[in-house]
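K.L.:
My structure file entry_9.cif, mmCIF, C-alpha atoms, is below:
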data_coords
loop_
_atom_site.group_PDB
_atom_site.id
_atom_site.type_symbol
_atom_site.label_atom_id
_atom_site.label_comp_id
_atom_site.auth_asym_id
_atom_site.auth_seq_id
_atom_site.Cartn_x
_atom_site.Cartn_y
_atom_site.Cartn_z
ATOM 1 C CA MET A 1 76.095 54.201 66.316
ATOM 2 C CA SER A 2 77.407 54.902 62.795
ATOM 3 C CA GLU A 3 76.183 52.932 59.800
ATOM 4 C CA PRO A 4 78.369 49.978 58.751
ATOM 5 C CA MET A 5 80.660 50.512 55.757
ATOM 6 C CA PHE A 6 79.070 47.493 54.015
ATOM 7 C CA GLU A 7 75.653 45.907 54.489
ATOM 8 C CA ARG A 8 76.581 42.346 53.455
ATOM 9 C CA VAL A 9 80.129 41.068 53.072
ATOM 10 C CA ALA A 10 80.957 37.720 51.459
ATOM 11 C CA LEU A 11 84.314 36.179 52.336
ATOM 12 C CA ILE A 12 85.078 33.449 49.791
ATOM 13 C CA GLY A 13 87.664 31.451 51.700
ATOM 14 C CA ILE A 14 88.012 31.837 55.445
ATOM 15 C CA GLY A 15 91.557 30.866 56.375
ATOM 16 C CA LEU A 16 94.129 33.004 58.177
ATOM 17 C CA ILE A 17 93.546 36.191 56.163
ATOM 18 C CA GLY A 18 89.791 35.832 55.657
ATOM 19 C CA SER A 19 89.102 35.015 59.298
ATOM 20 C CA SER A 20 91.357 37.856 60.482
ATOM 21 C CA LEU A 21 89.472 40.259 58.226
ATOM 22 C CA ALA A 22 86.167 38.960 59.609
ATOM 23 C CA ARG A 23 87.398 39.681 63.126
ATOM 24 C CA VAL A 24 88.415 43.223 62.126
ATOM 25 C CA MET A 25 84.982 43.815 60.620
ATOM 26 C CA GLN A 26 83.294 42.627 63.796
ATOM 27 C CA ARG A 27 85.555 44.724 66.014
ATOM 28 C CA GLU A 28 85.098 47.865 63.923
ATOM 29 C CA ARG A 29 81.424 47.187 63.089
ATOM 30 C CA LEU A 30 82.182 47.521 59.363
ATOM 31 C CA ALA A 31 79.585 45.016 58.110
ATOM 32 C CA GLY A 32 75.892 44.589 58.685
ATOM 33 C CA SER A 33 76.367 40.860 58.152
ATOM 34 C CA ILE A 34 79.209 38.558 57.124
ATOM 35 C CA VAL A 35 78.814 35.318 55.197
ATOM 36 C CA ALA A 36 81.765 32.934 55.087
ATOM 37 C CA CYS A 37 82.247 30.429 52.269
ATOM 38 C CA ALA A 38 84.503 27.358 52.374
ATOM 39 C CA ARG A 39 84.571 23.957 50.686
ATOM 40 C CA ARG A 40 85.191 21.874 53.786
ATOM 41 C CA ALA A 41 82.473 21.237 56.362
ATOM 42 C CA GLU A 42 85.110 21.258 59.142
ATOM 43 C CA THR A 43 86.131 24.789 58.193
ATOM 44 C CA LEU A 44 82.561 26.057 58.268
ATOM 45 C CA ALA A 45 82.005 24.315 61.593
ATOM 46 C CA ALA A 46 85.045 26.150 62.995
ATOM 47 C CA VAL A 47 83.669 29.478 61.730
ATOM 48 C CA GLN A 48 80.361 28.777 63.469
ATOM 49 C CA ARG A 49 82.106 27.751 66.673
ATOM 50 C CA LEU A 50 84.261 30.887 66.641
ATOM 51 C CA ALA A 51 81.223 33.080 65.767
ATOM 52 C CA ILE A 52 83.198 35.125 63.224
ATOM 53 C CA ALA A 53 80.435 35.167 60.581
ATOM 54 C CA ASP A 54 76.664 35.480 60.615
ATOM 55 C CA ASP A 55 76.105 32.840 57.922
ATOM 56 C CA THR A 56 78.138 30.078 56.295
ATOM 57 C CA THR A 57 77.894 28.239 52.998
ATOM 58 C CA HIS A 58 79.946 25.958 50.765
ATOM 59 C CA ASP A 59 78.563 27.679 47.625
ATOM 60 C CA PRO A 60 80.421 30.824 46.426
ATOM 61 C CA ALA A 61 77.411 31.919 44.356
ATOM 62 C CA GLU A 62 75.151 31.780 47.395
ATOM 63 C CA ALA A 63 77.666 33.755 49.429
ATOM 64 C CA ALA A 64 77.977 36.466 46.776
ATOM 65 C CA ASP A 65 74.222 36.817 46.232
ATOM 66 C CA GLY A 66 73.181 40.281 47.421
ATOM 67 C CA ALA A 67 76.594 41.203 48.849
ATOM 68 C CA ASP A 68 77.914 44.730 48.406
ATOM 69 C CA LEU A 69 81.479 43.541 49.087
ATOM 70 C CA VAL A 70 82.932 40.196 47.980
ATOM 71 C CA VAL A 71 86.493 39.387 49.065
ATOM 72 C CA VAL A 72 88.127 36.332 47.510
ATOM 73 C CA CYS A 73 90.481 34.770 50.083
ATOM 74 C CA THR A 74 91.089 31.360 48.494
ATOM 75 C CA PRO A 75 94.409 30.074 47.112
ATOM 76 C CA ILE A 76 95.147 31.820 43.813
ATOM 77 C CA GLY A 77 94.667 28.637 41.782
ATOM 78 C CA ALA A 78 90.943 28.684 42.620
ATOM 79 C CA TYR A 79 90.284 32.262 41.438
ATOM 80 C CA ALA A 80 89.045 31.435 37.942
ATOM 81 C CA ALA A 81 86.531 28.883 39.251
ATOM 82 C CA VAL A 82 85.376 31.262 41.984
ATOM 83 C CA GLY A 83 84.941 34.076 39.464
ATOM 84 C CA GLU A 84 82.887 31.881 37.162
ATOM 85 C CA ALA A 85 80.687 30.763 40.081
ATOM 86 C CA ILE A 86 79.955 34.191 41.539
ATOM 87 C CA ALA A 87 79.584 36.178 38.301
ATOM 88 C CA PRO A 88 75.830 35.551 37.753
ATOM 89 C CA ARG A 89 75.015 36.574 41.339
ATOM 90 C CA LEU A 90 76.995 39.821 41.551
ATOM 91 C CA ARG A 91 74.594 42.717 41.980
ATOM 92 C CA ASN A 92 74.980 46.156 40.444
ATOM 93 C CA GLY A 93 77.425 48.306 42.429
ATOM 94 C CA VAL A 94 79.114 45.426 44.259
ATOM 95 C CA ILE A 95 82.840 45.727 44.986
ATOM 96 C CA VAL A 96 84.858 42.583 44.296
ATOM 97 C CA SER A 97 88.288 42.441 45.905
ATOM 98 C CA ASP A 98 90.765 39.802 47.029
ATOM 99 C CA VAL A 99 93.859 39.212 49.158
ATOM 100 C CA GLY A 100 96.081 37.309 46.721
ATOM 101 C CA SER A 101 99.860 37.578 46.509
ATOM 102 C CA VAL A 102 100.176 37.549 42.680
ATOM 103 C CA LYS A 103 98.152 40.358 41.159
ATOM 104 C CA GLN A 104 98.655 39.734 37.430
ATOM 105 C CA THR A 105 97.048 36.332 37.913
ATOM 106 C CA VAL A 106 94.171 37.910 39.839
ATOM 107 C CA VAL A 107 93.489 40.323 36.989
ATOM 108 C CA ARG A 108 93.758 37.501 34.442
ATOM 109 C CA ASP A 109 91.619 34.915 36.229
ATOM 110 C CA LEU A 110 89.086 36.955 38.185
ATOM 111 C CA GLY A 111 88.815 40.146 36.144
ATOM 112 C CA PRO A 112 86.993 38.690 33.088
ATOM 113 C CA HIS A 113 84.160 37.457 35.337
ATOM 114 C CA ILE A 114 83.366 40.878 36.821
ATOM 115 C CA PRO A 115 80.230 42.175 35.064
ATOM 116 C CA ASP A 116 79.497 45.743 34.013
ATOM 117 C CA GLY A 117 78.197 47.690 36.968
ATOM 118 C CA ALA A 118 80.456 45.875 39.459
ATOM 119 C CA HIS A 119 83.758 47.311 40.703
ATOM 120 C CA PHE A 120 86.983 45.282 40.715
ATOM 121 C CA VAL A 121 89.619 46.376 43.244
ATOM 122 C CA PRO A 122 92.377 43.764 43.753
ATOM 123 C CA ALA A 123 94.293 44.141 47.022
ATOM 124 C CA HIS A 124 97.148 42.436 48.821
ATOM 125 C CA PRO A 125 97.392 42.848 52.585
ATOM 126 C CA VAL A 126 101.060 42.011 53.102
ATOM 127 C CA ALA A 127 100.702 40.187 56.406
ATOM 128 C CA GLY A 128 100.572 36.613 57.602
ATOM 129 C CA THR A 129 101.947 33.852 59.770
ATOM 130 C CA GLU A 130 102.920 30.252 59.093
ATOM 131 C CA HIS A 131 99.554 29.093 60.430
ATOM 132 C CA SER A 132 96.373 28.522 58.426
ATOM 133 C CA GLY A 133 92.669 27.998 58.973
ATOM 134 C CA PRO A 134 90.014 30.123 60.705
ATOM 135 C CA GLU A 135 91.388 29.299 64.167
ATOM 136 C CA ALA A 136 94.694 30.956 63.208
ATOM 137 C CA GLY A 137 93.172 34.366 62.508
ATOM 138 C CA PHE A 138 93.365 37.396 64.790
ATOM 139 C CA ALA A 139 92.229 40.987 64.333
ATOM 140 C CA GLU A 140 95.681 42.489 64.990
ATOM 141 C CA LEU A 141 97.335 40.603 62.104
ATOM 142 C CA PHE A 142 97.301 43.624 59.782
ATOM 143 C CA GLU A 143 98.379 46.367 62.178
ATOM 144 C CA GLY A 144 101.429 48.337 61.053
ATOM 145 C CA ARG A 145 101.678 46.454 57.735
ATOM 146 C CA TRP A 146 101.244 47.492 54.106
ATOM 147 C CA CYS A 147 98.243 46.837 51.912
ATOM 148 C CA ILE A 148 98.930 47.142 48.182
ATOM 149 C CA LEU A 149 96.026 48.016 45.872
ATOM 150 C CA THR A 150 96.269 47.196 42.147
ATOM 151 C CA PRO A 151 93.043 48.527 40.578
ATOM 152 C CA PRO A 152 92.784 48.158 36.782
ATOM 153 C CA PRO A 153 92.700 51.372 34.725
ATOM 154 C CA GLY A 154 89.282 53.013 34.799
ATOM 155 C CA THR A 155 88.222 51.536 38.146
ATOM 156 C CA ASP A 156 85.734 53.720 40.005
ATOM 157 C CA PRO A 157 87.810 55.912 42.379
ATOM 158 C CA GLU A 158 85.143 55.715 45.081
ATOM 159 C CA ALA A 159 85.322 51.911 45.079
ATOM 160 C CA VAL A 160 89.114 52.069 45.395
ATOM 161 C CA LYS A 161 88.776 54.584 48.218
ATOM 162 C CA LYS A 162 86.301 52.345 50.050
ATOM 163 C CA VAL A 163 88.535 49.259 49.845
ATOM 164 C CA GLY A 164 91.451 51.370 51.028
ATOM 165 C CA ALA A 165 89.392 52.676 53.946
ATOM 166 C CA LEU A 166 88.563 49.101 54.952
ATOM 167 C CA TRP A 167 92.236 48.140 55.195
ATOM 168 C CA LYS A 168 93.093 51.376 56.982
ATOM 169 C CA ARG A 169 90.562 50.429 59.648
ATOM 170 C CA ALA A 170 92.484 47.168 59.991
ATOM 171 C CA GLY A 171 95.607 49.220 60.808
ATOM 172 C CA MET A 172 97.333 49.040 57.433
ATOM 173 C CA THR A 173 99.182 51.639 55.356
ATOM 174 C CA LEU A 174 98.180 51.854 51.693
ATOM 175 C CA GLU A 175 100.244 51.751 48.513
ATOM 176 C CA THR A 176 99.029 51.566 44.912
ATOM 177 C CA MET A 177 100.964 49.739 42.170
ATOM 178 C CA THR A 178 100.433 48.160 38.794
ATOM 179 C CA PRO A 179 99.960 44.374 39.018
ATOM 180 C CA ALA A 180 103.243 43.711 37.182
ATOM 181 C CA HIS A 181 105.261 45.955 39.500
ATOM 182 C CA HIS A 182 103.616 44.402 42.548
ATOM 183 C CA ASP A 183 104.538 40.903 41.396
ATOM 184 C CA HIS A 184 108.178 41.827 40.839
ATOM 185 C CA VAL A 185 108.489 43.520 44.226
ATOM 186 C CA LEU A 186 106.836 40.624 46.061
ATOM 187 C CA ALA A 187 108.988 38.094 44.203
ATOM 188 C CA ILE A 188 111.970 39.649 45.977
ATOM 189 C CA THR A 189 110.495 40.493 49.374
ATOM 190 C CA SER A 190 108.243 37.482 49.967
ATOM 191 C CA HIS A 191 108.261 34.736 47.353
ATOM 192 C CA LEU A 192 112.048 34.282 47.092
ATOM 193 C CA PRO A 193 112.545 34.087 50.896
ATOM 194 C CA HIS A 194 109.888 31.383 51.073
ATOM 195 C CA LEU A 195 111.514 29.484 48.203
ATOM 196 C CA VAL A 196 114.877 29.646 50.002
ATOM 197 C CA ALA A 197 113.320 28.502 53.290
ATOM 198 C CA PHE A 198 111.602 25.527 51.660
ATOM 199 C CA SER A 199 114.884 24.604 49.968
ATOM 200 C CA ILE A 200 117.057 24.860 53.078
ATOM 201 C CA VAL A 201 114.667 22.918 55.284
ATOM 202 C CA GLY A 202 114.249 20.399 52.460
ATOM 203 C CA THR A 203 118.013 19.943 52.365
ATOM 204 C CA ALA A 204 117.996 19.154 56.093
ATOM 205 C CA ALA A 205 115.139 16.680 55.596
ATOM 206 C CA ASP A 206 117.243 14.797 53.015
ATOM 207 C CA LEU A 207 120.157 14.241 55.382
ATOM 208 C CA GLU A 208 120.944 10.853 56.872
ATOM 209 C CA GLN A 209 118.715 10.031 59.866
ATOM 210 C CA ASP A 210 121.394 10.521 62.560
ATOM 211 C CA LEU A 211 122.584 13.853 61.175
ATOM 212 C CA ARG A 212 119.015 15.053 60.648
ATOM 213 C CA GLN A 213 118.228 14.457 64.322
ATOM 214 C CA GLU A 214 121.265 16.500 65.335
ATOM 215 C CA VAL A 215 120.220 19.327 63.022
ATOM 216 C CA ILE A 216 116.849 19.411 64.802
ATOM 217 C CA LYS A 217 118.426 19.089 68.256
ATOM 218 C CA PHE A 218 121.004 21.830 67.794
ATOM 219 C CA ALA A 219 119.032 24.141 65.496
ATOM 220 C CA ALA A 220 120.269 27.724 65.834
ATOM 221 C CA SER A 221 117.999 30.749 65.549
ATOM 222 C CA GLY A 222 118.638 31.158 61.808
ATOM 223 C CA PHE A 223 117.533 27.613 61.012
ATOM 224 C CA ARG A 224 114.543 27.941 63.346
ATOM 225 C CA ASP A 225 113.449 31.048 61.422
ATOM 226 C CA PHE A 226 113.634 29.092 58.171
ATOM 227 C CA THR A 227 111.535 26.265 59.623
ATOM 228 C CA ARG A 228 108.871 28.754 60.689
ATOM 229 C CA ILE A 229 108.592 30.095 57.139
ATOM 230 C CA ALA A 230 108.735 26.574 55.705
ATOM 231 C CA ALA A 231 105.705 25.589 57.784
ATOM 232 C CA SER A 232 103.488 27.799 55.581
ATOM 233 C CA ASP A 233 100.475 26.475 53.689
ATOM 234 C CA PRO A 234 101.623 24.208 50.798
ATOM 235 C CA THR A 235 98.652 24.845 48.492
ATOM 236 C CA MET A 236 98.901 28.603 48.813
ATOM 237 C CA TRP A 237 102.628 28.657 48.108
ATOM 238 C CA ARG A 238 102.394 26.165 45.247
ATOM 239 C CA ASP A 239 99.952 28.550 43.561
ATOM 240 C CA ILE A 240 102.099 31.607 44.284
ATOM 241 C CA PHE A 241 105.236 30.018 42.827
ATOM 242 C CA LEU A 242 103.487 28.784 39.680
ATOM 243 C CA ASN A 243 101.585 32.022 39.059
ATOM 244 C CA ASN A 244 104.521 34.364 39.617
ATOM 245 C CA ARG A 245 107.022 32.117 37.897
ATOM 246 C CA HIS A 246 108.570 34.701 35.554
ATOM 247 C CA ALA A 247 109.410 37.271 38.242
ATOM 248 C CA LEU A 248 110.431 34.548 40.684
ATOM 249 C CA LEU A 249 112.737 32.806 38.212
ATOM 250 C CA ASP A 250 114.333 36.159 37.429
ATOM 251 C CA VAL A 251 115.196 36.864 41.066
ATOM 252 C CA CYS A 252 116.237 33.214 41.549
ATOM 253 C CA GLY A 253 118.803 33.735 38.816
ATOM 254 C CA ARG A 254 120.142 36.797 40.587
ATOM 255 C CA LEU A 255 120.286 34.910 43.889
ATOM 256 C CA LEU A 256 122.296 32.085 42.323
ATOM 257 C CA GLU A 257 124.754 34.618 40.913
ATOM 258 C CA ASP A 258 125.167 36.196 44.362
ATOM 259 C CA ILE A 259 125.624 32.784 46.003
ATOM 260 C CA SER A 260 128.297 31.944 43.442
ATOM 261 C CA ARG A 261 130.038 35.226 44.201
ATOM 262 C CA LEU A 262 130.089 34.476 47.949
ATOM 263 C CA GLN A 263 131.064 30.858 47.322
ATOM 264 C CA ARG A 264 134.013 32.012 45.219
ATOM 265 C CA ALA A 265 135.107 34.493 47.903
ATOM 266 C CA ILE A 266 135.017 31.768 50.556
ATOM 267 C CA ARG A 267 136.958 29.330 48.366
ATOM 268 C CA TRP A 268 139.728 31.823 47.636
ATOM 269 C CA GLY A 269 139.890 33.334 51.117
ATOM 270 C CA GLU A 270 138.757 36.792 49.981
ATOM 271 C CA GLY A 271 137.910 38.193 53.412
ATOM 272 C CA GLU A 272 137.304 41.767 52.263
ATOM 273 C CA GLU A 273 134.784 40.591 49.647
ATOM 274 C CA ILE A 274 132.931 38.527 52.273
ATOM 275 C CA GLU A 275 132.821 41.466 54.685
ATOM 276 C CA SER A 276 131.555 43.755 51.919
ATOM 277 C CA LEU A 277 128.676 41.420 51.083
ATOM 278 C CA ILE A 278 127.701 41.034 54.731
ATOM 279 C CA GLU A 279 127.870 44.786 55.364
ATOM 280 C CA ALA A 280 125.528 45.416 52.416
ATOM 281 C CA SER A 281 123.071 42.977 53.994
ATOM 282 C CA ARG A 282 123.365 44.687 57.390
ATOM 283 C CA GLU A 283 122.482 47.989 55.752
ATOM 284 C CA ILE A 284 119.224 46.525 54.436
ATOM 285 C CA ARG A 285 118.395 45.382 57.991
ATOM 286 C CA ARG A 286 119.050 48.860 59.356
ATOM 287 C CA LYS A 287 116.755 50.375 56.748
ATOM 288 C CA LEU A 288 114.007 47.888 57.667
ATOM 289 C CA ILE A 289 114.303 48.937 61.307
ATOM 290 C CA ASP A 290 114.179 52.628 60.386
ATOM 291 C CA ALA A 291 111.036 51.977 58.317
ATOM 292 C CA ASN A 292 109.351 50.146 61.238
ATOM 293 C CA GLN A 293 109.169 46.972 59.153
ATOM 294 C CA ALA A 294 111.460 44.825 61.295
#
Take the structure in this file and express it as structure tokens.
P.N.:
Amino acid sequence: MSEPMFERVALIGIGLIGSSLARVMQRERLAGSIVACARRAETLAAVQRLAIADDTTHDPAEAADGADLVVVCTPIGAYAAVGEAIAPRLRNGVIVSDVGSVKQTVVRDLGPHIPDGAHFVPAHPVAGTEHSGPEAGFAELFEGRWCILTPPPGTDPEAVKKVGALWKRAGMTLETMTPAHHDHVLAITSHLPHLVAFSIVGTAADLEQDLRQEVIKFAASGFRDFTRIAASDPTMWRDIFLNNRHALLDVCGRLLEDISRLQRAIRWGEGEEIESLIEASREIRRKLIDANQA
């Protein structure tokens, strides 16, 4: 049997992504041992019941002590506190990574706590569901999806290669970007769609009681898709919106301009303009299918 890629892995946060990664590591025998860290006793009890980690703790410093890989899987708003807690216990040569959706914030809040001799390799596995918690995880979550690495300049290439190899074993395809470029791309492809979903479902929730019940009763597939997205974790998405506000507000402005354009075409009966806008959208869908991202 081959040696594990890492002797001791600390997962700080063990929700959907962290627990799915733990399952991948067990399946692929990538870790000698896994320690899971969470604030809530119920979460740690679930981890123990599911047997997806060898040890559990509520203390990030204890989890990081002696680890050769630390992956921060908490909501982004907790990164600075986690970094401060684990910094004194990070051993020489450890790789510190994460799974956050806003990489400039990761570099800002976690980066300053990484000591000399440790390697900092931020990552974003672009995968997920609307569910949360360790029970929601599954090893196949990452298969056929992209993982974006955003290592700071001067990061040890071998550490970057090792983090990339980990996500490849999970079934992902790798891409490397600067944190700023990542945040702008994800504002369009992920953060804006979630914002729209929350808004549309929120509009339905504000309707009069009778009408709201009919909306639920006769929900078409499009509305059902929005409700699935809108069921996502509130804390995680609060942190994403606030920490990627500049890129998100920029694409929000563009969206409002496009809505106004379509609204104007509908008002004035401009059928050709409406068809043109819809055809452009259909082309994006076709390209997604061709890229196996549908």
K.L.:
Every residue with an atom at most 12 Å from (78.5, 35.6, 58.2) (file coordinates; all atoms listed in the file) is what I'm after, so could you write them as a VMD selection string?
P.N.:
chain A and resid 7 to 14 18 to 19 21 to 23 25 to 26 31 to 38 44 47 to 48 50 to 57 62 to 64 67
K.L.:
Using the chain letters and numbers from the file, give me the residues hit by the PyMOL selection byres ((chain A and resi 86) around 12), as a PDB file with C-alpha atoms, in the coordinates of the input.
P.N.:
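Contents of the output file out_0.pdb:
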ATOM      1  CA  ALA A  10      80.957  37.720  51.459  1.00  0.00           C
ATOM      2  CA  LEU A  11      84.314  36.179  52.336  1.00  0.00           C
ATOM      3  CA  ILE A  12      85.078  33.449  49.791  1.00  0.00           C
ATOM      4  CA  CYS A  37      82.247  30.429  52.269  1.00  0.00           C
ATOM      5  CA  ASP A  59      78.563  27.679  47.625  1.00  0.00           C
ATOM      6  CA  PRO A  60      80.421  30.824  46.426  1.00  0.00           C
ATOM      7  CA  ALA A  61      77.411  31.919  44.356  1.00  0.00           C
ATOM      8  CA  GLU A  62      75.151  31.780  47.395  1.00  0.00           C
ATOM      9  CA  ALA A  63      77.666  33.755  49.429  1.00  0.00           C
ATOM     10  CA  ALA A  64      77.977  36.466  46.776  1.00  0.00           C
ATOM     11  CA  ASP A  65      74.222  36.817  46.232  1.00  0.00           C
ATOM     12  CA  GLY A  66      73.181  40.281  47.421  1.00  0.00           C
ATOM     13  CA  ALA A  67      76.594  41.203  48.849  1.00  0.00           C
ATOM     14  CA  VAL A  70      82.932  40.196  47.980  1.00  0.00           C
ATOM     15  CA  VAL A  71      86.493  39.387  49.065  1.00  0.00           C
ATOM     16  CA  VAL A  72      88.127  36.332  47.510  1.00  0.00           C
ATOM     17  CA  TYR A  79      90.284  32.262  41.438  1.00  0.00           C
ATOM     18  CA  ALA A  80      89.045  31.435  37.942  1.00  0.00           C
ATOM     19  CA  ALA A  81      86.531  28.883  39.251  1.00  0.00           C
ATOM     20  CA  VAL A  82      85.376  31.262  41.984  1.00  0.00           C
ATOM     21  CA  GLY A  83      84.941  34.076  39.464  1.00  0.00           C
ATOM     22  CA  GLU A  84      82.887  31.881  37.162  1.00  0.00           C
ATOM     23  CA  ALA A  85      80.687  30.763  40.081  1.00  0.00           C
ATOM     24  CA  ALA A  87      79.584  36.178  38.301  1.00  0.00           C
ATOM     25  CA  PRO A  88      75.830  35.551  37.753  1.00  0.00           C
ATOM     26  CA  ARG A  89      75.015  36.574  41.339  1.00  0.00           C
ATOM     27  CA  LEU A  90      76.995  39.821  41.551  1.00  0.00           C
ATOM     28  CA  ARG A  91      74.594  42.717  41.980  1.00  0.00           C
ATOM     29  CA  VAL A  94      79.114  45.426  44.259  1.00  0.00           C
ATOM     30  CA  VAL A  96      84.858  42.583  44.296  1.00  0.00           C
ATOM     31  CA  LEU A 110      89.086  36.955  38.185  1.00  0.00           C
ATOM     32  CA  GLY A 111      88.815  40.146  36.144  1.00  0.00           C
ATOM     33  CA  PRO A 112      86.993  38.690  33.088  1.00  0.00           C
ATOM     34  CA  HIS A 113      84.160  37.457  35.337  1.00  0.00           C
ATOM     35  CA  ILE A 114      83.366  40.878  36.821  1.00  0.00           C
ATOM     36  CA  PRO A 115      80.230  42.175  35.064  1.00  0.00           C
ATOM     37  CA  ALA A 118      80.456  45.875  39.459  1.00  0.00           C
TER      38      ALA A 118
END
K.L.:
Just the number, please: distance in Å from CA of Val160 (chain A) to CA of Ser132 (chain A), one decimal.
P.N.:
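One can read the CA of Val160 (chain A) to CA of Ser132 (chain A) distance as 27.9 Å.
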K.L.:
Could you state which residues are captured by the PyMOL selection byres ((chain A and resi 77) around 9) in this file, as a PyMOL selection string?
P.N.:
chain A and resi 74-76+78-81+105+109+235-236+238-240+243
K.L.:
So how many Å separate CA of Ala204 (chain A) and CA of Gly253 (chain A), to one decimal?
P.N.:
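Value for the CA of Ala204 (chain A)-CA of Gly253 (chain A) distance: 22.6 Å.
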K.L.:
Compile the contact shell of Leu256 (chain A) as a list in words: residues with an atom at most 12 Å away, counting all atoms listed in the file, same-chain residues fewer than 6 positions apart removed.
P.N.:
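With the cut-off at 12 Å, the set is Leu192, Val196, Leu249, Asp250, Leu262 and Gln263 of chain A.
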K.L.:
Kindly give the distance, in Å, that separates CA of Phe226 (chain A) and CA of Thr189 (chain A), rounded to a single decimal.
P.N.:
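For CA of Phe226 (chain A) relative to CA of Thr189 (chain A), the distance reads 14.7 Å.
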K.L.:
Since I can't run it myself right now, could you work out what the PyMOL selection byres ((chain A and resi 103) around 10) selects here and report it as a PyMOL selection string?
P.N.:
chain A and resi 76+98-102+104-109+122-124+148-151+177-183+186+243-244
K.L.:
Given the selection you just returned, output its residues as a file containing C-alpha atoms, formatted as a short mmCIF file (atom, residue, chain, number, x, y, z; two decimals), in the frame of the given file.
P.N.:
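Result saved to result_2.cif:
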data_model
loop_
_atom_site.label_atom_id
_atom_site.label_comp_id
_atom_site.auth_asym_id
_atom_site.auth_seq_id
_atom_site.Cartn_x
_atom_site.Cartn_y
_atom_site.Cartn_z
CA ILE A 76 95.15 31.82 43.81
CA ASP A 98 90.76 39.80 47.03
CA VAL A 99 93.86 39.21 49.16
CA GLY A 100 96.08 37.31 46.72
CA SER A 101 99.86 37.58 46.51
CA VAL A 102 100.18 37.55 42.68
CA GLN A 104 98.66 39.73 37.43
CA THR A 105 97.05 36.33 37.91
CA VAL A 106 94.17 37.91 39.84
CA VAL A 107 93.49 40.32 36.99
CA ARG A 108 93.76 37.50 34.44
CA ASP A 109 91.62 34.92 36.23
CA PRO A 122 92.38 43.76 43.75
CA ALA A 123 94.29 44.14 47.02
CA HIS A 124 97.15 42.44 48.82
CA ILE A 148 98.93 47.14 48.18
CA LEU A 149 96.03 48.02 45.87
CA THR A 150 96.27 47.20 42.15
CA PRO A 151 93.04 48.53 40.58
CA MET A 177 100.96 49.74 42.17
CA THR A 178 100.43 48.16 38.79
CA PRO A 179 99.96 44.37 39.02
CA ALA A 180 103.24 43.71 37.18
CA HIS A 181 105.26 45.96 39.50
CA HIS A 182 103.62 44.40 42.55
CA ASP A 183 104.54 40.90 41.40
CA LEU A 186 106.84 40.62 46.06
CA ASN A 243 101.58 32.02 39.06
CA ASN A 244 104.52 34.36 39.62
#
K.L.:
Would you compute the box with edges along x, y and z of the file around region 66-72 of chain A, including every atom the file lists for it and 5 Å extra on each side, and give its centre and edge lengths in Å to one decimal, as JSON?
P.N.:
{"center_x": 80.7, "center_y": 40.5, "center_z": 48.3, "size_x": 24.9, "size_y": 18.4, "size_z": 11.7}
K.L.:
Using all atoms listed in the file, which residue out of A:Ala46, A:Ala230, A:Cys73, A:Leu174 lies closest to Ile200 (chain A)?
P.N.:
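Result for the nearest residue to Ile200 (chain A): A:Ala230.
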K.L.:
Taking all atoms listed in the file into account, which of A:His246, A:Ile95, A:Arg267, A:Gln209 comes nearest Leu166 (chain A)?
P.N.:
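When distances to Leu166 (chain A) are compared using all atoms listed in the file, the smallest one comes from A:Ile95.
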K.L.:
Using all atoms listed in the file, which of the listed residues (A:Val201, A:Leu248, A:Gln293, A:Ala165) sits closest to Ala219 (chain A)?
P.N.:
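The answer is A:Val201, which sits nearest to Ala219 (chain A).
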K.L.:
Thr203 (chain A): which residues within 12 Å, counting only C-alpha atoms, same-chain residues fewer than 3 positions away excluded, as a count of residues only?
P.N.:
15
K.L.:
Excluding same-chain residues fewer than 3 positions from Gly164 (chain A), what lies within 10 Å of it counting all atoms listed in the file, as a list in words?
P.N.:
Val121, Ala123, Cys147, Ile148, Leu149, Glu158, Ala159, Val160, Lys161, Trp167, Lys168, Arg169, Ala170, Met172, Thr173, Leu174, Glu175 and Thr176 of chain A
K.L.:
Please write C-alpha atoms of region 239-260 of chain A, from the structure given just now, as a compact mmCIF listing (two decimals), in the first residue's frame.
P.N.:
# COMPACT_ATOMS: atom_id res chain seq x y z
CA ASP A 239 -20.02 36.41 4.27
CA ILE A 240 -19.57 35.90 0.53
CA PHE A 241 -21.74 38.90 -0.37
CA LEU A 242 -20.06 41.22 2.14
CA ASN A 243 -16.52 40.13 1.29
CA ASN A 244 -16.91 40.28 -2.48
CA ARG A 245 -19.03 43.40 -2.43
CA HIS A 246 -17.09 45.43 -5.02
CA ALA A 247 -17.13 42.79 -7.76
CA LEU A 248 -20.69 41.79 -6.90
CA LEU A 249 -22.01 45.36 -6.97
CA ASP A 250 -20.32 45.85 -10.33
CA VAL A 251 -22.07 42.87 -11.91
CA CYS A 252 -25.33 43.82 -10.15
CA GLY A 253 -25.17 47.15 -11.95
CA ARG A 254 -24.74 45.39 -15.27
CA LEU A 255 -27.65 43.06 -14.49
CA LEU A 256 -29.94 45.99 -13.71
CA GLU A 257 -29.00 47.60 -17.02
CA ASP A 258 -29.82 44.37 -18.87
CA ILE A 259 -33.14 44.01 -17.02
CA SER A 260 -34.02 47.58 -17.97
